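> Got input-v3.cif for you, mmCIF, C-alpha atoms and all ligand atoms:
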```cif
data_start
#
loop_
_atom_site.group_PDB
_atom_site.id
_atom_site.type_symbol
_atom_site.label_atom_id
_atom_site.label_comp_id
_atom_site.auth_asym_id
_atom_site.auth_seq_id
_atom_site.Cartn_x
_atom_site.Cartn_y
_atom_site.Cartn_z
ATOM 1 C CA MET G 9 -65.276 46.765 -25.368
ATOM 2 C CA SER G 10 -66.056 44.647 -22.319
ATOM 3 C CA ASN G 11 -63.553 41.801 -22.784
ATOM 4 C CA LYS G 12 -66.241 39.134 -22.417
ATOM 5 C CA LEU G 13 -64.080 36.769 -24.492
ATOM 6 C CA GLN G 14 -60.653 37.515 -23.020
ATOM 7 C CA GLY G 15 -58.494 34.379 -23.175
ATOM 8 C CA LYS G 16 -60.943 32.592 -25.501
ATOM 9 C CA VAL G 17 -59.866 31.372 -28.951
ATOM 10 C CA ALA G 18 -61.989 31.644 -32.110
ATOM 11 C CA LEU G 19 -61.195 29.900 -35.402
ATOM 12 C CA ILE G 20 -62.987 31.609 -38.313
ATOM 13 C CA THR G 21 -63.012 30.275 -41.888
ATOM 14 C CA GLY G 22 -63.599 32.709 -44.754
ATOM 15 C CA ALA G 23 -62.215 35.551 -42.636
ATOM 16 C CA SER G 24 -60.919 37.652 -45.541
ATOM 17 C CA ALA G 25 -64.282 39.225 -46.439
ATOM 18 C CA GLY G 26 -67.887 39.891 -45.554
ATOM 19 C CA ILE G 27 -69.439 38.036 -42.645
ATOM 20 C CA GLY G 28 -66.216 36.270 -41.610
ATOM 21 C CA GLN G 29 -64.335 39.563 -41.390
ATOM 22 C CA ALA G 30 -67.196 41.134 -39.402
ATOM 23 C CA CYS G 31 -67.171 38.147 -37.014
ATOM 24 C CA ALA G 32 -63.409 38.566 -36.550
ATOM 25 C CA ARG G 33 -63.928 42.240 -35.638
ATOM 26 C CA ALA G 34 -66.808 41.467 -33.258
ATOM 27 C CA LEU G 35 -64.982 38.690 -31.379
ATOM 28 C CA ALA G 36 -61.686 40.620 -31.265
ATOM 29 C CA GLY G 37 -63.656 43.550 -29.871
ATOM 30 C CA GLU G 38 -64.451 41.359 -26.872
ATOM 31 C CA GLY G 39 -60.808 40.375 -26.401
ATOM 32 C CA ALA G 40 -60.747 36.961 -28.132
ATOM 33 C CA HIS G 41 -57.629 35.506 -29.730
ATOM 34 C CA LEU G 42 -58.251 34.716 -33.396
ATOM 35 C CA VAL G 43 -57.179 32.020 -35.831
ATOM 36 C CA LEU G 44 -58.182 33.150 -39.313
ATOM 37 C CA THR G 45 -58.143 31.329 -42.630
ATOM 38 C CA ALA G 46 -58.989 32.094 -46.281
ATOM 39 C CA ARG G 47 -57.108 32.103 -49.599
ATOM 40 C CA ARG G 48 -56.289 35.857 -49.811
ATOM 41 C CA GLU G 49 -53.210 36.326 -47.650
ATOM 42 C CA GLU G 50 -52.910 40.134 -47.913
ATOM 43 C CA ARG G 51 -56.429 40.557 -46.536
ATOM 44 C CA LEU G 52 -55.716 38.274 -43.560
ATOM 45 C CA GLN G 53 -52.455 40.125 -42.890
ATOM 46 C CA SER G 54 -54.189 43.518 -42.858
ATOM 47 C CA LEU G 55 -56.992 42.181 -40.604
ATOM 48 C CA LYS G 56 -54.339 40.915 -38.188
ATOM 49 C CA GLU G 57 -52.709 44.372 -38.156
ATOM 50 C CA GLU G 58 -56.094 46.007 -37.572
ATOM 51 C CA LEU G 59 -57.224 43.696 -34.761
ATOM 52 C CA GLU G 60 -54.112 42.882 -32.710
ATOM 53 C CA PRO G 61 -54.058 46.360 -31.122
ATOM 54 C CA LEU G 62 -57.403 45.398 -29.504
ATOM 55 C CA GLY G 63 -55.508 43.017 -27.203
ATOM 56 C CA GLY G 64 -56.007 39.493 -28.526
ATOM 57 C CA LYS G 65 -53.366 37.679 -30.580
ATOM 58 C CA VAL G 66 -54.175 36.925 -34.244
ATOM 59 C CA VAL G 67 -52.675 34.082 -36.270
ATOM 60 C CA PHE G 68 -53.695 33.131 -39.785
ATOM 61 C CA VAL G 69 -53.284 30.270 -42.236
ATOM 62 C CA THR G 70 -53.690 30.836 -45.966
ATOM 63 C CA GLY G 71 -55.322 28.011 -47.894
ATOM 64 C CA ASP G 72 -58.254 26.557 -49.768
ATOM 65 C CA ALA G 73 -60.959 25.452 -47.334
ATOM 66 C CA ARG G 74 -61.880 22.564 -49.657
ATOM 67 C CA GLU G 75 -58.550 20.867 -48.911
ATOM 68 C CA GLU G 76 -58.075 18.718 -45.835
ATOM 69 C CA SER G 77 -54.525 20.045 -45.368
ATOM 70 C CA THR G 78 -55.900 23.569 -44.800
ATOM 71 C CA ALA G 79 -58.121 22.367 -41.960
ATOM 72 C CA VAL G 80 -55.293 20.284 -40.464
ATOM 73 C CA ASN G 81 -52.832 23.201 -40.661
ATOM 74 C CA THR G 82 -55.290 25.752 -39.264
ATOM 75 C CA VAL G 83 -56.306 23.633 -36.278
ATOM 76 C CA LYS G 84 -52.619 22.893 -35.630
ATOM 77 C CA ALA G 85 -51.836 26.628 -35.763
ATOM 78 C CA ALA G 86 -54.567 27.210 -33.176
ATOM 79 C CA THR G 87 -53.382 24.529 -30.766
ATOM 80 C CA ASP G 88 -49.699 25.484 -31.238
ATOM 81 C CA ALA G 89 -50.425 29.161 -30.521
ATOM 82 C CA PHE G 90 -53.115 28.878 -27.852
ATOM 83 C CA GLY G 91 -53.521 25.220 -26.795
ATOM 84 C CA ARG G 92 -57.294 25.347 -27.289
ATOM 85 C CA ILE G 93 -60.209 26.286 -29.567
ATOM 86 C CA ASP G 94 -63.340 27.710 -27.938
ATOM 87 C CA PHE G 95 -65.271 28.717 -31.056
ATOM 88 C CA LEU G 96 -65.282 27.320 -34.585
ATOM 89 C CA ILE G 97 -67.131 29.549 -37.051
ATOM 90 C CA ASN G 98 -67.680 27.551 -40.270
ATOM 91 C CA ASN G 99 -68.240 30.575 -42.484
ATOM 92 C CA ALA G 100 -66.283 30.034 -45.750
ATOM 93 C CA GLY G 101 -68.759 29.736 -48.566
ATOM 94 C CA ALA G 102 -69.616 30.499 -52.157
ATOM 95 C CA GLY G 103 -72.769 31.117 -54.174
ATOM 96 C CA ASN G 104 -73.663 30.711 -57.823
ATOM 97 C CA TYR G 105 -77.331 31.335 -58.519
ATOM 98 C CA LYS G 106 -78.446 29.340 -61.556
ATOM 99 C CA ASN G 107 -81.347 27.278 -62.715
ATOM 100 C CA LEU G 108 -80.673 23.558 -62.554
ATOM 101 C CA VAL G 109 -80.468 23.078 -66.329
ATOM 102 C CA ASP G 110 -77.740 25.750 -66.515
ATOM 103 C CA THR G 111 -75.643 24.180 -63.726
ATOM 104 C CA SER G 112 -72.675 21.978 -64.618
ATOM 105 C CA ALA G 113 -71.287 19.118 -62.546
ATOM 106 C CA GLU G 114 -68.139 21.229 -61.966
ATOM 107 C CA GLU G 115 -70.242 24.096 -60.558
ATOM 108 C CA TYR G 116 -72.090 21.607 -58.322
ATOM 109 C CA ASP G 117 -68.756 20.251 -57.025
ATOM 110 C CA GLU G 118 -67.442 23.755 -56.346
ATOM 111 C CA LEU G 119 -70.454 24.728 -54.206
ATOM 112 C CA MET G 120 -70.657 21.405 -52.387
ATOM 113 C CA ASP G 121 -66.920 21.381 -51.650
ATOM 114 C CA THR G 122 -66.692 25.035 -50.606
ATOM 115 C CA ASN G 123 -69.799 25.040 -48.425
ATOM 116 C CA VAL G 124 -70.192 21.446 -47.203
ATOM 117 C CA ARG G 125 -66.846 19.642 -47.491
ATOM 118 C CA SER G 126 -65.063 22.574 -45.809
ATOM 119 C CA THR G 127 -67.602 22.498 -42.964
ATOM 120 C CA PHE G 128 -66.973 18.773 -42.491
ATOM 121 C CA LEU G 129 -63.172 19.125 -42.689
ATOM 122 C CA PHE G 130 -62.821 21.958 -40.175
ATOM 123 C CA THR G 131 -65.337 20.431 -37.774
ATOM 124 C CA ARG G 132 -63.694 17.003 -38.066
ATOM 125 C CA GLN G 133 -60.320 18.499 -37.094
ATOM 126 C CA THR G 134 -61.671 20.714 -34.310
ATOM 127 C CA VAL G 135 -63.989 18.350 -32.430
ATOM 128 C CA PRO G 136 -61.176 16.217 -30.932
ATOM 129 C CA VAL G 137 -59.714 19.402 -29.401
ATOM 130 C CA MET G 138 -63.119 20.372 -27.981
ATOM 131 C CA LEU G 139 -63.762 16.831 -26.680
ATOM 132 C CA GLU G 140 -60.471 17.047 -24.800
ATOM 133 C CA GLN G 141 -61.541 20.430 -23.344
ATOM 134 C CA LYS G 142 -65.093 19.109 -22.681
ATOM 135 C CA ALA G 143 -66.261 22.491 -24.001
ATOM 136 C CA GLY G 144 -66.593 24.519 -27.192
ATOM 137 C CA THR G 145 -69.052 26.116 -29.590
ATOM 138 C CA ILE G 146 -69.365 25.273 -33.288
ATOM 139 C CA LEU G 147 -71.452 27.517 -35.555
ATOM 140 C CA MET G 148 -72.353 26.930 -39.198
ATOM 141 C CA LEU G 149 -72.932 30.060 -41.277
ATOM 142 C CA SER G 150 -75.868 28.573 -43.174
ATOM 143 C CA SER G 151 -78.625 30.754 -44.648
ATOM 144 C CA MET G 152 -82.372 31.184 -45.031
ATOM 145 C CA ALA G 153 -81.544 29.118 -48.133
ATOM 146 C CA GLY G 154 -80.871 26.330 -45.611
ATOM 147 C CA VAL G 155 -84.426 26.617 -44.284
ATOM 148 C CA TYR G 156 -86.478 27.274 -47.453
ATOM 149 C CA GLY G 157 -85.832 26.116 -51.016
ATOM 150 C CA PHE G 158 -85.591 29.167 -53.309
ATOM 151 C CA GLY G 159 -86.116 28.843 -57.100
ATOM 152 C CA GLY G 160 -82.960 29.424 -59.142
ATOM 153 C CA GLU G 161 -80.749 28.437 -56.186
ATOM 154 C CA ALA G 162 -81.336 24.674 -55.949
ATOM 155 C CA VAL G 163 -77.709 23.610 -55.549
ATOM 156 C CA TYR G 164 -76.858 26.475 -53.191
ATOM 157 C CA CYS G 165 -79.926 25.550 -51.096
ATOM 158 C CA MET G 166 -78.739 21.923 -50.989
ATOM 159 C CA THR G 167 -75.431 23.019 -49.497
ATOM 160 C CA LYS G 168 -77.048 25.258 -46.899
ATOM 161 C CA PHE G 169 -79.650 22.635 -45.860
ATOM 162 C CA ALA G 170 -76.736 20.217 -45.462
ATOM 163 C CA GLN G 171 -75.065 22.560 -42.964
ATOM 164 C CA VAL G 172 -78.282 22.800 -40.912
ATOM 165 C CA ALA G 173 -78.639 18.996 -40.908
ATOM 166 C CA PHE G 174 -75.004 18.608 -39.861
ATOM 167 C CA ALA G 175 -75.502 21.095 -37.001
ATOM 168 C CA GLN G 176 -78.683 19.384 -35.762
ATOM 169 C CA ALA G 177 -77.115 15.928 -35.828
ATOM 170 C CA LEU G 178 -73.888 17.078 -34.164
ATOM 171 C CA ASP G 179 -75.836 18.881 -31.449
ATOM 172 C CA ARG G 180 -77.303 15.500 -30.513
ATOM 173 C CA GLU G 181 -73.919 13.791 -30.789
ATOM 174 C CA LEU G 182 -71.828 16.321 -28.876
ATOM 175 C CA ARG G 183 -74.053 18.083 -26.322
ATOM 176 C CA GLU G 184 -73.311 15.568 -23.579
ATOM 177 C CA SER G 185 -69.591 16.247 -24.103
ATOM 178 C CA GLY G 186 -70.142 19.931 -23.353
ATOM 179 C CA ILE G 187 -69.951 21.059 -26.991
ATOM 180 C CA LYS G 188 -72.596 23.443 -28.345
ATOM 181 C CA VAL G 189 -73.462 23.266 -32.061
ATOM 182 C CA GLY G 190 -75.708 25.709 -33.885
ATOM 183 C CA ALA G 191 -76.657 27.130 -37.270
ATOM 184 C CA ILE G 192 -76.990 30.838 -38.092
ATOM 185 C CA CYS G 193 -79.358 31.371 -41.033
ATOM 186 C CA PRO G 194 -79.375 34.934 -42.397
ATOM 187 C CA GLY G 195 -81.307 36.213 -45.390
ATOM 188 C CA GLY G 196 -79.408 38.336 -47.923
ATOM 189 C CA VAL G 197 -76.308 40.146 -46.606
ATOM 190 C CA LYS G 198 -74.404 42.999 -48.288
ATOM 191 C CA THR G 199 -71.016 41.428 -49.072
ATOM 192 C CA GLU G 200 -68.951 40.316 -52.081
ATOM 193 C CA PHE G 201 -70.918 37.062 -52.088
ATOM 194 C CA ALA G 202 -72.013 35.751 -55.524
ATOM 195 C CA LEU G 203 -70.944 38.947 -57.313
ATOM 196 C CA GLY G 204 -70.964 38.174 -61.039
ATOM 197 C CA ARG G 205 -72.650 34.864 -60.212
ATOM 198 C CA GLY G 206 -76.251 35.983 -59.752
ATOM 199 C CA ARG G 207 -75.603 39.274 -57.914
ATOM 200 C CA ASN G 208 -74.022 42.548 -59.000
ATOM 201 C CA GLU G 209 -72.432 45.341 -56.973
ATOM 202 C CA GLU G 210 -75.051 47.942 -57.809
ATOM 203 C CA GLY G 211 -77.941 45.641 -56.925
ATOM 204 C CA VAL G 212 -76.372 44.732 -53.587
ATOM 205 C CA ALA G 213 -75.576 48.369 -52.735
ATOM 206 C CA GLN G 214 -79.135 49.461 -53.499
ATOM 207 C CA SER G 215 -80.753 46.539 -51.688
ATOM 208 C CA GLU G 216 -82.099 46.604 -48.160
ATOM 209 C CA MET G 217 -80.238 43.441 -47.210
ATOM 210 C CA LEU G 218 -78.638 42.877 -43.809
ATOM 211 C CA ASP G 219 -75.149 44.204 -43.081
ATOM 212 C CA PRO G 220 -72.420 41.686 -42.172
ATOM 213 C CA GLU G 221 -72.241 43.340 -38.727
ATOM 214 C CA ASP G 222 -75.864 42.293 -38.098
ATOM 215 C CA VAL G 223 -74.849 38.663 -38.548
ATOM 216 C CA ALA G 224 -71.649 39.080 -36.538
ATOM 217 C CA GLY G 225 -73.779 40.401 -33.670
ATOM 218 C CA VAL G 226 -75.699 37.113 -33.587
ATOM 219 C CA VAL G 227 -72.483 35.086 -33.765
ATOM 220 C CA LEU G 228 -71.168 37.095 -30.814
ATOM 221 C CA MET G 229 -74.411 36.428 -28.917
ATOM 222 C CA ALA G 230 -74.030 32.674 -29.532
ATOM 223 C CA CYS G 231 -70.411 32.821 -28.334
ATOM 224 C CA THR G 232 -71.301 34.630 -25.114
ATOM 225 C CA GLN G 233 -74.110 32.352 -23.900
ATOM 226 C CA SER G 234 -73.916 31.149 -20.327
ATOM 227 C CA PRO G 235 -72.569 27.586 -19.882
ATOM 228 C CA ARG G 236 -76.201 26.557 -19.293
ATOM 229 C CA SER G 237 -77.521 27.804 -22.609
ATOM 230 C CA ARG G 238 -76.948 26.904 -26.250
ATOM 231 C CA ILE G 239 -78.184 28.567 -29.460
ATOM 232 C CA ILE G 240 -79.400 25.821 -31.817
ATOM 233 C CA GLU G 241 -80.619 27.857 -34.789
ATOM 234 C CA VAL G 242 -81.143 31.523 -35.578
ATOM 235 C CA GLN G 243 -83.146 32.667 -38.598
ATOM 236 C CA MET G 244 -82.522 36.309 -39.557
ATOM 237 C CA ARG G 245 -84.209 38.513 -42.122
ATOM 238 C CA THR G 246 -83.984 42.160 -42.973
ATOM 239 C CA MET G 247 -86.993 44.242 -41.926
ATOM 240 C CA ALA G 248 -87.583 44.906 -45.644
ATOM 241 C CA GLU G 249 -88.491 41.253 -46.371
ATOM 242 C CA SER G 250 -91.697 39.387 -45.569
ATOM 243 C CA LEU G 251 -91.625 35.782 -44.389
ATOM 244 C CA ALA G 252 -93.246 34.545 -47.623
HETATM 245 P P1 LIG G 301 -68.046 36.696 -49.142
HETATM 246 O O1 LIG G 301 -68.046 38.138 -48.820
HETATM 247 O O2 LIG G 301 -67.991 36.283 -50.568
HETATM 248 O O3 LIG G 301 -66.879 35.974 -48.324
HETATM 249 C C1 LIG G 301 -66.653 34.595 -48.483
HETATM 250 C C2 LIG G 301 -65.449 34.181 -47.665
HETATM 251 O O4 LIG G 301 -65.256 32.758 -47.859
HETATM 252 C C3 LIG G 301 -64.187 34.894 -48.086
HETATM 253 O O5 LIG G 301 -63.402 35.172 -46.958
HETATM 254 C C4 LIG G 301 -63.495 33.856 -48.967
HETATM 255 O O6 LIG G 301 -62.084 34.009 -48.847
HETATM 256 C C5 LIG G 301 -63.926 32.566 -48.299
HETATM 257 N N1 LIG G 301 -63.858 31.448 -49.237
HETATM 258 C C6 LIG G 301 -64.660 31.227 -50.310
HETATM 259 N N2 LIG G 301 -64.241 30.127 -50.966
HETATM 260 C C7 LIG G 301 -63.164 29.656 -50.280
HETATM 261 C C8 LIG G 301 -62.280 28.567 -50.475
HETATM 262 N N3 LIG G 301 -62.420 27.697 -51.499
HETATM 263 N N4 LIG G 301 -61.271 28.395 -49.597
HETATM 264 C C9 LIG G 301 -61.105 29.246 -48.561
HETATM 265 N N5 LIG G 301 -61.916 30.293 -48.319
HETATM 266 C C10 LIG G 301 -62.923 30.493 -49.186
HETATM 267 O O7 LIG G 301 -69.367 35.980 -48.567
HETATM 268 P P2 LIG G 301 -70.233 36.237 -47.242
HETATM 269 O O8 LIG G 301 -71.486 36.882 -47.655
HETATM 270 O O9 LIG G 301 -69.408 36.848 -46.173
HETATM 271 O O10 LIG G 301 -70.605 34.718 -46.896
HETATM 272 C C11 LIG G 301 -70.079 34.027 -45.783
HETATM 273 C C12 LIG G 301 -71.002 32.859 -45.482
HETATM 274 O O11 LIG G 301 -72.307 33.344 -45.199
HETATM 275 C C13 LIG G 301 -71.163 31.870 -46.641
HETATM 276 O O12 LIG G 301 -71.118 30.559 -46.153
HETATM 277 C C14 LIG G 301 -72.532 32.191 -47.204
HETATM 278 O O13 LIG G 301 -73.135 31.040 -47.784
HETATM 279 C C15 LIG G 301 -73.259 32.655 -45.961
HETATM 280 N N6 LIG G 301 -74.392 33.558 -46.227
HETATM 281 C C16 LIG G 301 -74.225 34.670 -47.024
HETATM 282 C C17 LIG G 301 -75.317 35.491 -47.281
HETATM 283 C C18 LIG G 301 -75.229 36.703 -48.174
HETATM 284 O O14 LIG G 301 -76.301 37.154 -48.694
HETATM 285 N N7 LIG G 301 -74.058 37.325 -48.342
HETATM 286 C C19 LIG G 301 -76.579 35.185 -46.714
HETATM 287 C C20 LIG G 301 -76.687 34.060 -45.912
HETATM 288 C C21 LIG G 301 -75.592 33.264 -45.671
HETATM 289 P P3 LIG G 301 -61.013 33.927 -50.041
HETATM 290 O O15 LIG G 301 -61.728 34.285 -51.312
HETATM 291 O O16 LIG G 301 -59.954 34.909 -49.633
HETATM 292 O O17 LIG G 301 -60.547 32.509 -50.000
#
```
Take the structure I supplied and represent it as structure tokens, if you would.

Amino acid sequence: MSNKLQGKVALITGASAGIGQACARALAGEGAHLVLTARREERLQSLKEELEPLGGKVVFVTGDAREESTAVNTVKAATDAFGRIDFLINNAGAGNYKNLVDTSAEEYDELMDTNVRSTFLFTRQTVPVMLEQKAGTILMLSSMAGVYGFGGEAVYCMTKFAQVAFAQALDRELRESGIKVGAICPGGVKTEFALGRGRNEEGVAQSEMLDPEDVAGVVLMACTQSPRSRIIEVQMRTMAESLA
């Protein structure tokens, strides 16, 4: 641990599992204070107990990321506890791999709201704080499904392309105010993601997908750039996959 992020504050959505949890560990390992949110309270509580001994303070807010009140309450918890937000990691997300003709309007709404509406809500609440600071970094946990359209994942791809578009547009809107905005686009990652909804535990365990720590390493890199430098987009793939 080198305490590169001592005194800095990171707000991470979807921190109760997978990539969000790995990001929490990576940033806490560098001394950051954390503001965590997800729906599963017991997981956030145990992550707080695990990470506070590393030196940073950890606060969490339990809630559904699709609801505006969760974003409002989480940003308020961050400013009440720390008075600032240096990093927003828009990570909460869901998958449901289905062909279009098997996808209902309710399933479409669930993916759009979990992946896109939540990204809008948390960013909308955080940017005023960062404008006041004239500094901050916002990262969208998009996907290679936000760069290429994959068959059988049309709606999921829509949501992930939307996050990349949002990041590109906000980079142009916010750079002159000192705010960095980027998209991290991993290929498959070994987590609970989409289990029973296009993936199963055995298939994930036997796959050669990335580990969540691989992605967290890139998030940490983006959060430790010099003030001169910003990461706009990172595409990541396991060594086992070709680019085709
Ligand atoms: P995961 O293990 O399933 O974790 C998803 C996280 O999002 C959990 O903490 C979950 O918390 C939270 N979440 C989901 N729906 C939520 C809601 N309605 N309200 C609040 N929190 C919610 O998935 P992951 O693999 O870490 O994925 C994280 C992000 O990476 C997603 O945006 C995903 O699209 C992206 N990604 C994943 C992969 C992959 O192959 N795994 C690849 C590329 C990109 P609760 O259930 O406790 O609320």
> Ligand LIG 301 (chain G): which residues are within 7 Å, counting only C-alpha atoms and all ligand atoms, as a ChimeraX atom specification?
/G:21-28,45-48,71-74,99-103,122-123,149-152,193-202,220
> Counting only C-alpha atoms, which residue out of G:Glu241, G:Glu50, G:Glu38, G:Glu75 sits closest to Phe174 of chain G?
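Of G:Glu241, G:Glu50, G:Glu38, G:Glu75, the one nearest Phe174 of chain G, counting only C-alpha atoms, is G:Glu241.
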> Please evaluate the PyMOL selection byres (((chain G and resi 245) around 12) and not hetatm) against the structure above and give the resulting residues as a PyMOL selection string.
chain G and resi 151-153+192-197+216-219+222-223+242-244+246-252
> From the options G:Ser112, G:Val67, G:Cys31, G:Met138, which residue's atoms come nearest to Ser54 of chain G, counting only C-alpha atoms?
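Smallest distance to Ser54 of chain G is found for G:Val67.
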> Excluding same-chain residues fewer than 5 positions from Asp179 of chain G, what lies within 12 Å of it counting all atoms listed in the file, as number ranges by chain?
G: 135, 144-148, 172-174, 184-191, 238-241
> How would you write, as a list of chain:residue names, the residues chosen by the PyMOL selection byres (((chain G and resi 34) around 9) and not hetatm) on this structure?
G:Gln29, G:Ala30, G:Cys31, G:Ala32, G:Arg33, G:Leu35, G:Ala36, G:Gly37, G:Glu38, G:Glu221, G:Ala224, G:Gly225, G:Val227, G:Leu228
> Which segment 212-246 of chain G residues have any atom within 12 Å of an atom of segment 11-19 of chain G, and for each, what is the nearest pair of atoms with distance in Å to one decimal, counting only C-alpha atoms, rows sorted by chain and number, as CSV?

```
residue,atom,partner,partner_atom,distance
G:Val227,CA,G:Ala18,CA,11.2
G:Leu228,CA,G:Leu13,CA,9.5
G:Met229,CA,G:Lys12,CA,10.8
G:Ala230,CA,G:Leu13,CA,11.9
G:Cys231,CA,G:Leu13,CA,8.4
G:Thr232,CA,G:Lys12,CA,7.3
G:Gln233,CA,G:Lys12,CA,10.5
G:Ser234,CA,G:Lys12,CA,11.3
```
> Within 10 Å of (-79.2, 30.1, -64.4) (file coordinates; only C-alpha atoms), which protein or nucleic acid residues are there? I'd like them as a PyMOL selection string.
chain G and resi 104-111+160-161+205-206
> Pull out every residue that the PyMOL selection byres (((chain G and resi 134) around 12) and not hetatm) matches in the shown coordinates and put them as an MDAnalysis selection string.
chainID G and resid 18:20 79:87 91:98 127:133 135:141 143:147 187
> In Å, how far is it from atom CA of Glu118 of chain G to atom CA of Ala170 of chain G?
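So the answer is 14.7 Å.
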> Can you work out which one of G:Leu44, G:Val155, G:Gly204, G:Gly39 has the shortest atom-to-atom distance to Leu62 of chain G, counting all atoms listed in the file?
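So, comparing all the options, the nearest one is G:Gly39.
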> Once 8 Å is added on each side, what are the centre and the three edge lengths, in Å to one decimal, of the axis-aligned box enclosing the listed atoms of segment 206-217 of chain G? Present them as JSON.

```
{"center_x": -77.3, "center_y": 42.7, "center_z": -53.5, "size_x": 25.7, "size_y": 29.5, "size_z": 28.5}
```
> When you draw a straight line from atom CA of Ser10 of chain G to atom CA of Arg51 of chain G, how long is it in Å?
26.4 Å
> In Å, how far is it from atom CA of Leu52 of chain G to atom CA of Gly64 of chain G?
15.1 Å
